[in-house]
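Data from coords14.pdb: PDB, C-alpha atoms and all ligand atoms
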```
ATOM      1  CA  MET A 635      34.337  14.910  -8.338  1.00  0.00           C
ATOM      2  CA  ALA A 636      31.009  16.056  -7.058  1.00  0.00           C
ATOM      3  CA  ASP A 637      30.836  18.470  -4.154  1.00  0.00           C
ATOM      4  CA  PHE A 638      29.286  17.104  -0.931  1.00  0.00           C
ATOM      5  CA  CYS A 639      27.776  18.504   2.280  1.00  0.00           C
ATOM      6  CA  PHE A 640      26.422  17.073   5.536  1.00  0.00           C
ATOM      7  CA  PRO A 641      22.770  15.877   5.472  1.00  0.00           C
ATOM      8  CA  PHE A 642      21.758  18.065   8.479  1.00  0.00           C
ATOM      9  CA  LYS A 643      22.072  21.779   9.283  1.00  0.00           C
ATOM     10  CA  THR A 644      23.789  20.882  12.572  1.00  0.00           C
ATOM     11  CA  PRO A 645      25.886  17.839  13.546  1.00  0.00           C
ATOM     12  CA  PRO A 646      24.177  15.210  15.713  1.00  0.00           C
ATOM     13  CA  SER A 647      25.034  15.269  19.415  1.00  0.00           C
ATOM     14  CA  SER A 648      26.598  11.799  19.223  1.00  0.00           C
ATOM     15  CA  ASP A 649      29.061  10.593  16.625  1.00  0.00           C
ATOM     16  CA  TRP A 650      28.611   7.970  13.889  1.00  0.00           C
ATOM     17  CA  LYS A 651      31.270   5.551  15.096  1.00  0.00           C
ATOM     18  CA  GLY A 652      31.298   2.559  17.436  1.00  0.00           C
ATOM     19  CA  SER A 653      27.871   1.001  17.866  1.00  0.00           C
ATOM     20  CA  ARG A 654      26.447   3.651  15.488  1.00  0.00           C
ATOM     21  CA  GLY A 655      29.113   3.063  12.872  1.00  0.00           C
ATOM     22  CA  PHE A 656      29.621   0.866   9.845  1.00  0.00           C
ATOM     23  CA  GLY A 657      30.413  -2.759  10.681  1.00  0.00           C
ATOM     24  CA  ALA A 658      28.990  -2.667  14.226  1.00  0.00           C
ATOM     25  CA  SER A 659      27.447  -5.934  15.367  1.00  0.00           C
ATOM     26  CA  ARG A 660      23.706  -6.303  14.906  1.00  0.00           C
ATOM     27  CA  ASN A 661      21.249  -9.047  15.842  1.00  0.00           C
ATOM     28  CA  LYS A 662      23.687 -10.587  18.340  1.00  0.00           C
ATOM     29  CA  GLY A 663      26.449 -10.865  15.762  1.00  0.00           C
ATOM     30  CA  ARG A 664      24.324 -12.395  13.019  1.00  0.00           C
ATOM     31  CA  ARG A 665      24.959  -9.435  10.748  1.00  0.00           C
ATOM     32  CA  LYS A 666      26.961  -6.214  10.585  1.00  0.00           C
ATOM     33  CA  HIS A 667      25.576  -2.703  10.449  1.00  0.00           C
ATOM     34  CA  GLY A 668      25.642  -1.525   6.849  1.00  0.00           C
ATOM     35  CA  GLY A 669      25.689   2.212   7.466  1.00  0.00           C
ATOM     36  CA  CYS A 670      26.189   5.051   9.927  1.00  0.00           C
ATOM     37  CA  ASP A 671      23.480   6.317  12.275  1.00  0.00           C
ATOM     38  CA  LEU A 672      23.076  10.061  12.686  1.00  0.00           C
ATOM     39  CA  ILE A 673      20.960  10.450  15.816  1.00  0.00           C
ATOM     40  CA  LYS A 674      18.358  13.213  15.488  1.00  0.00           C
ATOM     41  CA  PRO A 675      14.757  13.772  16.645  1.00  0.00           C
ATOM     42  CA  ALA A 676      11.964  12.557  14.420  1.00  0.00           C
ATOM     43  CA  TYR A 677      10.763  15.164  11.890  1.00  0.00           C
ATOM     44  CA  GLU A 678      14.211  16.798  11.558  1.00  0.00           C
ATOM     45  CA  GLN A 679      14.840  17.976   7.991  1.00  0.00           C
ATOM     46  CA  ILE A 680      17.362  15.996   5.907  1.00  0.00           C
ATOM     47  CA  TYR A 681      19.253  17.629   3.001  1.00  0.00           C
ATOM     48  CA  ALA A 682      20.736  16.117  -0.157  1.00  0.00           C
ATOM     49  CA  VAL A 683      24.472  15.543   0.349  1.00  0.00           C
ATOM     50  CA  SER A 684      25.218  16.465  -3.253  1.00  0.00           C
ATOM     51  CA  ASP A 685      23.617  17.089  -6.624  1.00  0.00           C
ATOM     52  CA  GLY A 686      21.898  13.871  -7.584  1.00  0.00           C
ATOM     53  CA  VAL A 687      19.046  11.884  -9.026  1.00  0.00           C
ATOM     54  CA  LEU A 688      16.440   9.773  -7.246  1.00  0.00           C
ATOM     55  CA  VAL A 689      16.982   6.066  -7.889  1.00  0.00           C
ATOM     56  CA  HIS A 690      14.669   4.333  -5.391  1.00  0.00           C
ATOM     57  CA  GLU A 691      11.406   6.053  -4.472  1.00  0.00           C
ATOM     58  CA  GLU A 692      10.135   6.104  -0.869  1.00  0.00           C
ATOM     59  CA  THR A 693       9.956   2.464   0.286  1.00  0.00           C
ATOM     60  CA  LEU A 694       9.099   0.838   3.616  1.00  0.00           C
ATOM     61  CA  PHE A 695      12.313   0.128   5.563  1.00  0.00           C
ATOM     62  CA  TYR A 696      12.135  -0.580   9.313  1.00  0.00           C
ATOM     63  CA  LEU A 697       9.496  -0.244  12.061  1.00  0.00           C
ATOM     64  CA  GLY A 698       7.293   2.028  10.007  1.00  0.00           C
ATOM     65  CA  THR A 699      10.158   4.144   8.654  1.00  0.00           C
ATOM     66  CA  TYR A 700      11.061   4.447   4.969  1.00  0.00           C
ATOM     67  CA  TYR A 701      14.065   4.989   2.710  1.00  0.00           C
ATOM     68  CA  VAL A 702      15.000   6.673  -0.530  1.00  0.00           C
ATOM     69  CA  THR A 703      18.159   6.176  -2.587  1.00  0.00           C
ATOM     70  CA  TYR A 704      19.896   8.854  -4.639  1.00  0.00           C
ATOM     71  CA  GLN A 705      22.818   8.646  -7.013  1.00  0.00           C
ATOM     72  CA  HIS A 706      25.255  11.378  -6.014  1.00  0.00           C
ATOM     73  CA  GLY A 707      28.176  11.482  -8.432  1.00  0.00           C
ATOM     74  CA  PRO A 708      30.025   8.149  -8.283  1.00  0.00           C
ATOM     75  CA  TYR A 709      28.008   6.866  -5.281  1.00  0.00           C
ATOM     76  CA  LEU A 710      24.596   5.683  -4.270  1.00  0.00           C
ATOM     77  CA  VAL A 711      23.396   7.050  -0.946  1.00  0.00           C
ATOM     78  CA  ARG A 712      20.527   5.393   0.867  1.00  0.00           C
ATOM     79  CA  TYR A 713      18.721   7.708   3.302  1.00  0.00           C
ATOM     80  CA  GLY A 714      17.157   5.196   5.703  1.00  0.00           C
ATOM     81  CA  GLU A 715      14.694   5.369   8.603  1.00  0.00           C
ATOM     82  CA  ILE A 716      12.985   8.446   7.168  1.00  0.00           C
ATOM     83  CA  LEU A 717       9.460   9.727   7.821  1.00  0.00           C
ATOM     84  CA  LYS A 718       6.585   8.330   5.806  1.00  0.00           C
ATOM     85  CA  GLY A 719       5.369  10.889   3.292  1.00  0.00           C
ATOM     86  CA  SER A 720       8.326  13.239   3.810  1.00  0.00           C
ATOM     87  CA  THR A 721       9.657  12.896   0.250  1.00  0.00           C
ATOM     88  CA  ASN A 722       6.651  14.636  -1.319  1.00  0.00           C
ATOM     89  CA  SER A 723       6.190  11.516  -3.457  1.00  0.00           C
ATOM     90  CA  ALA A 724       9.317  12.332  -5.462  1.00  0.00           C
ATOM     91  CA  ARG A 725       9.578   9.987  -8.440  1.00  0.00           C
ATOM     92  CA  ARG A 726      12.508   8.064  -9.832  1.00  0.00           C
ATOM     93  CA  GLY A 727      14.583  10.331 -12.065  1.00  0.00           C
ATOM     94  CA  THR A 728      13.858  13.474 -10.035  1.00  0.00           C
ATOM     95  CA  THR A 729      16.995  15.572  -9.727  1.00  0.00           C
ATOM     96  CA  VAL A 730      18.142  17.445  -6.611  1.00  0.00           C
ATOM     97  CA  LYS A 731      20.785  20.022  -5.801  1.00  0.00           C
ATOM     98  CA  LYS A 732      23.297  19.758  -2.969  1.00  0.00           C
ATOM     99  CA  GLY A 733      21.715  21.030   0.246  1.00  0.00           C
ATOM    100  CA  GLN A 734      18.136  20.758  -1.021  1.00  0.00           C
ATOM    101  CA  PRO A 735      15.611  19.401   1.545  1.00  0.00           C
ATOM    102  CA  ILE A 736      14.625  15.891   0.471  1.00  0.00           C
ATOM    103  CA  CYS A 737      13.052  14.063   3.444  1.00  0.00           C
ATOM    104  CA  LYS A 738      12.762  14.030   7.258  1.00  0.00           C
ATOM    105  CA  VAL A 739      13.892  11.775  10.097  1.00  0.00           C
ATOM    106  CA  GLY A 740      11.374   8.995  10.617  1.00  0.00           C
ATOM    107  CA  LEU A 741       9.175   8.151  13.569  1.00  0.00           C
ATOM    108  CA  MET A 742       9.353   4.482  14.524  1.00  0.00           C
ATOM    109  CA  ASN A 743       6.139   2.647  15.270  1.00  0.00           C
ATOM    110  CA  GLY A 744       5.255   2.990  18.919  1.00  0.00           C
ATOM    111  CA  PHE A 745       7.935   5.553  19.775  1.00  0.00           C
ATOM    112  CA  LYS A 746       7.707   9.228  20.677  1.00  0.00           C
ATOM    113  CA  ALA A 747       9.596  11.778  18.566  1.00  0.00           C
ATOM    114  CA  SER A 748      12.616  11.703  20.875  1.00  0.00           C
ATOM    115  CA  GLY A 749      11.926   8.215  22.185  1.00  0.00           C
ATOM    116  CA  PRO A 750      14.145   6.035  24.346  1.00  0.00           C
ATOM    117  CA  ARG A 751      16.197   4.680  21.438  1.00  0.00           C
ATOM    118  CA  GLY A 752      16.514   7.972  19.647  1.00  0.00           C
ATOM    119  CA  HIS A 753      15.526   8.383  16.036  1.00  0.00           C
ATOM    120  CA  MET A 754      18.076   8.770  13.293  1.00  0.00           C
ATOM    121  CA  LEU A 755      19.103   8.966   9.705  1.00  0.00           C
ATOM    122  CA  HIS A 756      20.577   5.571   8.828  1.00  0.00           C
ATOM    123  CA  LEU A 757      22.880   6.423   5.926  1.00  0.00           C
ATOM    124  CA  GLU A 758      24.349   3.805   3.584  1.00  0.00           C
ATOM    125  CA  MET A 759      26.763   4.283   0.681  1.00  0.00           C
ATOM    126  CA  TYR A 760      27.591   2.157  -2.353  1.00  0.00           C
ATOM    127  CA  SER A 761      30.503   2.618  -4.708  1.00  0.00           C
ATOM    128  CA  LYS A 762      28.713   1.651  -7.941  1.00  0.00           C
ATOM    129  CA  GLY A 763      26.588   4.740  -8.355  1.00  0.00           C
ATOM    130  CA  ASN A 764      25.507   3.775 -11.848  1.00  0.00           C
ATOM    131  CA  LEU A 765      24.146   0.415 -10.664  1.00  0.00           C
ATOM    132  CA  HIS A 766      20.542   0.978  -9.616  1.00  0.00           C
ATOM    133  CA  THR A 767      19.562  -2.560  -8.622  1.00  0.00           C
ATOM    134  CA  ALA A 768      18.227  -3.540  -5.172  1.00  0.00           C
ATOM    135  CA  LEU A 769      20.571  -2.857  -2.230  1.00  0.00           C
ATOM    136  CA  ARG A 770      19.476  -5.823  -0.172  1.00  0.00           C
ATOM    137  CA  SER A 771      21.068  -9.254  -0.626  1.00  0.00           C
ATOM    138  CA  ASN A 772      21.256 -12.575   1.171  1.00  0.00           C
ATOM    139  CA  LYS A 773      25.046 -12.390   1.390  1.00  0.00           C
ATOM    140  CA  GLY A 774      26.668 -11.654   4.730  1.00  0.00           C
ATOM    141  CA  PRO A 775      27.913 -10.011   6.737  1.00  0.00           C
ATOM    142  CA  TYR A 776      25.949  -6.909   5.760  1.00  0.00           C
ATOM    143  CA  LEU A 777      23.082  -8.544   3.840  1.00  0.00           C
ATOM    144  CA  ARG A 778      23.647  -5.811   1.288  1.00  0.00           C
ATOM    145  CA  ARG A 779      25.014  -5.416  -2.222  1.00  0.00           C
ATOM    146  CA  SER A 780      28.745  -6.192  -2.416  1.00  0.00           C
ATOM    147  CA  ASP A 781      29.732  -2.603  -3.282  1.00  0.00           C
ATOM    148  CA  ILE A 782      28.569  -1.332   0.121  1.00  0.00           C
ATOM    149  CA  MET A 783      31.151   0.988   1.686  1.00  0.00           C
ATOM    150  CA  ASP A 784      31.838   2.786   4.982  1.00  0.00           C
ATOM    151  CA  PRO A 785      30.222   6.246   4.942  1.00  0.00           C
ATOM    152  CA  GLY A 786      32.100   7.234   8.126  1.00  0.00           C
ATOM    153  CA  PRO A 787      35.188   8.852   6.555  1.00  0.00           C
ATOM    154  CA  HIS A 788      32.927  10.747   4.144  1.00  0.00           C
ATOM    155  CA  LEU A 789      30.701  12.038   6.946  1.00  0.00           C
ATOM    156  CA  ASP A 790      33.870  13.129   8.789  1.00  0.00           C
ATOM    157  CA  GLN A 791      34.599  15.370   5.781  1.00  0.00           C
ATOM    158  CA  TRP A 792      31.051  16.474   5.023  1.00  0.00           C
ATOM    159  CA  VAL A 793      30.437  17.671   8.594  1.00  0.00           C
ATOM    160  CA  ASN A 794      32.851  20.529   7.821  1.00  0.00           C
ATOM    161  CA  ASN A 795      30.460  21.632   5.061  1.00  0.00           C
ATOM    162  CA  LEU A 796      26.945  22.094   6.510  1.00  0.00           C
ATOM    163  CA  PRO A 797      24.065  22.747   4.086  1.00  0.00           C
TER     164      PRO A 797
HETATM  165 ZN    ZN B 801      21.629   2.080  11.210  1.00  0.00          ZN
END
```

For this file, write the structure as structure tokens.
Ligand SMILES: [Zn+2]
Amino acid sequence: MADFCFPFKTPPSSDWKGSRGFGASRNKGRRKHGGCDLIKPAYEQIYAVSDGVLVHEETLFYLGTYYVTYQHGPYLVRYGEILKGSTNSARRGTTVKKGQPICKVGLMNGFKASGPRGHMLHLEMYSKGNLHTALRSNKGPYLRRSDIMDPGPHLDQWVNNLP
């Protein structure tokens, strides 16, 4: 089993449960939250949670923020709501080591770096790490691929192992 660490040098001030956790209601109950939100200021450095390989290059995600997806051992990890241009244009197939800087927390359109909503790393996990197809789907409740999983218990472990 691959060795994992937390994606930030320090834990966020708020936890990744409840409204910030997996399965929380979104869009007035029309869908469920597909990941965990790690609240951090925009521009904060994000680190690879394990050795891995880039699967999805920097792609527009939400309100001017982007995402990348890495395969880390048996999982896919989507690093969402990241800063445009913060991946140094890493290409598919690029390998990383655990704890290597890979991207930064994104700045949402129209918000200041520590704006009223707070910026974050939106982290998603999928159990079929070898399956590199699109993560989005039309199927509820997550509107994500069916192998989506709760990153919360993993983050609870990884936070004991900071990069
Ligand atoms: Zn989120």

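Here the question is which of A:Cys670, A:Val793, A:Val683, A:Leu769 gets nearest to Met754 in chain A using all atoms listed in the file, and that residue is A:Cys670.
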
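The gap separating CA of Val689 in chain A from CA of Leu765 in chain A is 9.5 Å, in Å to one decimal.
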
Find the residues near range 711-714 of chain A: any atom within 8 Å, counting all atoms listed in the file, skip ones fewer than 5 places away on the same chain, and give them as a PDB file with C-alpha atoms, in the coordinates of the input.
```pdb
ATOM      1  CA  PHE A 695      12.313   0.128   5.563  1.00  0.00           C
ATOM      2  CA  THR A 699      10.158   4.144   8.654  1.00  0.00           C
ATOM      3  CA  TYR A 700      11.061   4.447   4.969  1.00  0.00           C
ATOM      4  CA  TYR A 701      14.065   4.989   2.710  1.00  0.00           C
ATOM      5  CA  VAL A 702      15.000   6.673  -0.530  1.00  0.00           C
ATOM      6  CA  THR A 703      18.159   6.176  -2.587  1.00  0.00           C
ATOM      7  CA  TYR A 704      19.896   8.854  -4.639  1.00  0.00           C
ATOM      8  CA  GLN A 705      22.818   8.646  -7.013  1.00  0.00           C
ATOM      9  CA  HIS A 706      25.255  11.378  -6.014  1.00  0.00           C
ATOM     10  CA  LEU A 755      19.103   8.966   9.705  1.00  0.00           C
ATOM     11  CA  HIS A 756      20.577   5.571   8.828  1.00  0.00           C
ATOM     12  CA  LEU A 757      22.880   6.423   5.926  1.00  0.00           C
ATOM     13  CA  GLU A 758      24.349   3.805   3.584  1.00  0.00           C
ATOM     14  CA  MET A 759      26.763   4.283   0.681  1.00  0.00           C
ATOM     15  CA  TYR A 760      27.591   2.157  -2.353  1.00  0.00           C
TER      16      TYR A 760
END
```

Could you give me, as an MDAnalysis selection string, the residues within 10 Å of Pro735 in chain A, counting all atoms listed in the file and dropping anything in the same chain fewer than 3 positions from it? chainID A and resid 641:642 679:683 720:721 730:732 738 797

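Minimum atom-to-atom distances from A:Asp685, A:Asn722, A:Asp671, A:Ile716 to Gly652 in chain A were compared using only C-alpha atoms, and the lowest value belongs to A:Asp671.
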
Using all atoms listed in the file, what residues lie at most 8 Å away from (30.3, 21.1, -1.0) (file coordinates), given as a PDB file with C-alpha atoms, keeping the file's coordinate frame?
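Full text of result.pdb as output:
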```pdb
ATOM      1  CA  ALA A 636      31.009  16.056  -7.058  1.00  0.00           C
ATOM      2  CA  ASP A 637      30.836  18.470  -4.154  1.00  0.00           C
ATOM      3  CA  PHE A 638      29.286  17.104  -0.931  1.00  0.00           C
ATOM      4  CA  CYS A 639      27.776  18.504   2.280  1.00  0.00           C
ATOM      5  CA  SER A 684      25.218  16.465  -3.253  1.00  0.00           C
ATOM      6  CA  LYS A 732      23.297  19.758  -2.969  1.00  0.00           C
ATOM      7  CA  TRP A 792      31.051  16.474   5.023  1.00  0.00           C
ATOM      8  CA  ASN A 795      30.460  21.632   5.061  1.00  0.00           C
TER       9      ASN A 795
END
```

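The smallest atom-to-atom distance between ligand ZN 801 (chain B) and any of A:Gly774, A:Gly752, A:Pro645, A:Gly744, using only C-alpha atoms and all ligand atoms, is found for A:Gly752.
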
Assuming the input is short of atoms at range 670-686 of chain A, produce N, CA and C atoms for that part as a CSV table (one decimal), in the frame of the given file.
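Resulting contents of rebuild_32.csv:
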```
chain,number,residue,atom,x,y,z
A,670,CYS,N,25.9,4.2,8.7
A,670,CYS,CA,26.2,5.1,9.9
A,670,CYS,C,24.9,5.7,10.4
A,671,ASP,N,24.7,5.7,11.7
A,671,ASP,CA,23.5,6.3,12.3
A,671,ASP,C,23.8,7.7,12.8
A,672,LEU,N,23.0,8.7,12.2
A,672,LEU,CA,23.1,10.1,12.7
A,672,LEU,C,21.8,10.3,13.5
A,673,ILE,N,22.1,10.4,14.9
A,673,ILE,CA,21.0,10.4,15.8
A,673,ILE,C,20.4,11.9,15.8
A,674,LYS,N,19.1,11.9,15.6
A,674,LYS,CA,18.4,13.2,15.5
A,674,LYS,C,16.9,12.9,15.9
A,675,PRO,N,16.2,14.0,16.3
A,675,PRO,CA,14.8,13.8,16.6
A,675,PRO,C,14.0,13.5,15.4
A,676,ALA,N,12.9,12.7,15.5
A,676,ALA,CA,12.0,12.6,14.4
A,676,ALA,C,11.5,13.9,13.9
A,677,TYR,N,11.2,14.0,12.6
A,677,TYR,CA,10.8,15.2,11.9
A,677,TYR,C,11.9,16.1,11.5
A,678,GLU,N,13.1,15.9,11.9
A,678,GLU,CA,14.2,16.8,11.6
A,678,GLU,C,14.4,16.7,10.0
A,679,GLN,N,14.7,17.9,9.5
A,679,GLN,CA,14.8,18.0,8.0
A,679,GLN,C,16.2,17.4,7.6
A,680,ILE,N,16.2,16.6,6.5
A,680,ILE,CA,17.4,16.0,5.9
A,680,ILE,C,17.6,16.6,4.5
A,681,TYR,N,18.9,16.9,4.2
A,681,TYR,CA,19.3,17.6,3.0
A,681,TYR,C,20.1,16.7,2.1
A,682,ALA,N,19.9,16.9,0.8
A,682,ALA,CA,20.7,16.1,-0.2
A,682,ALA,C,22.2,16.4,0.0
A,683,VAL,N,23.0,15.4,0.1
A,683,VAL,CA,24.5,15.5,0.3
A,683,VAL,C,25.2,16.0,-0.9
A,684,SER,N,24.6,16.0,-2.0
A,684,SER,CA,25.2,16.5,-3.3
A,684,SER,C,24.2,16.6,-4.3
A,685,ASP,N,24.5,17.2,-5.5
A,685,ASP,CA,23.6,17.1,-6.6
A,685,ASP,C,23.4,15.6,-6.9
A,686,GLY,N,22.2,15.3,-7.4
A,686,GLY,CA,21.9,13.9,-7.6
A,686,GLY,C,20.6,13.6,-8.3
```
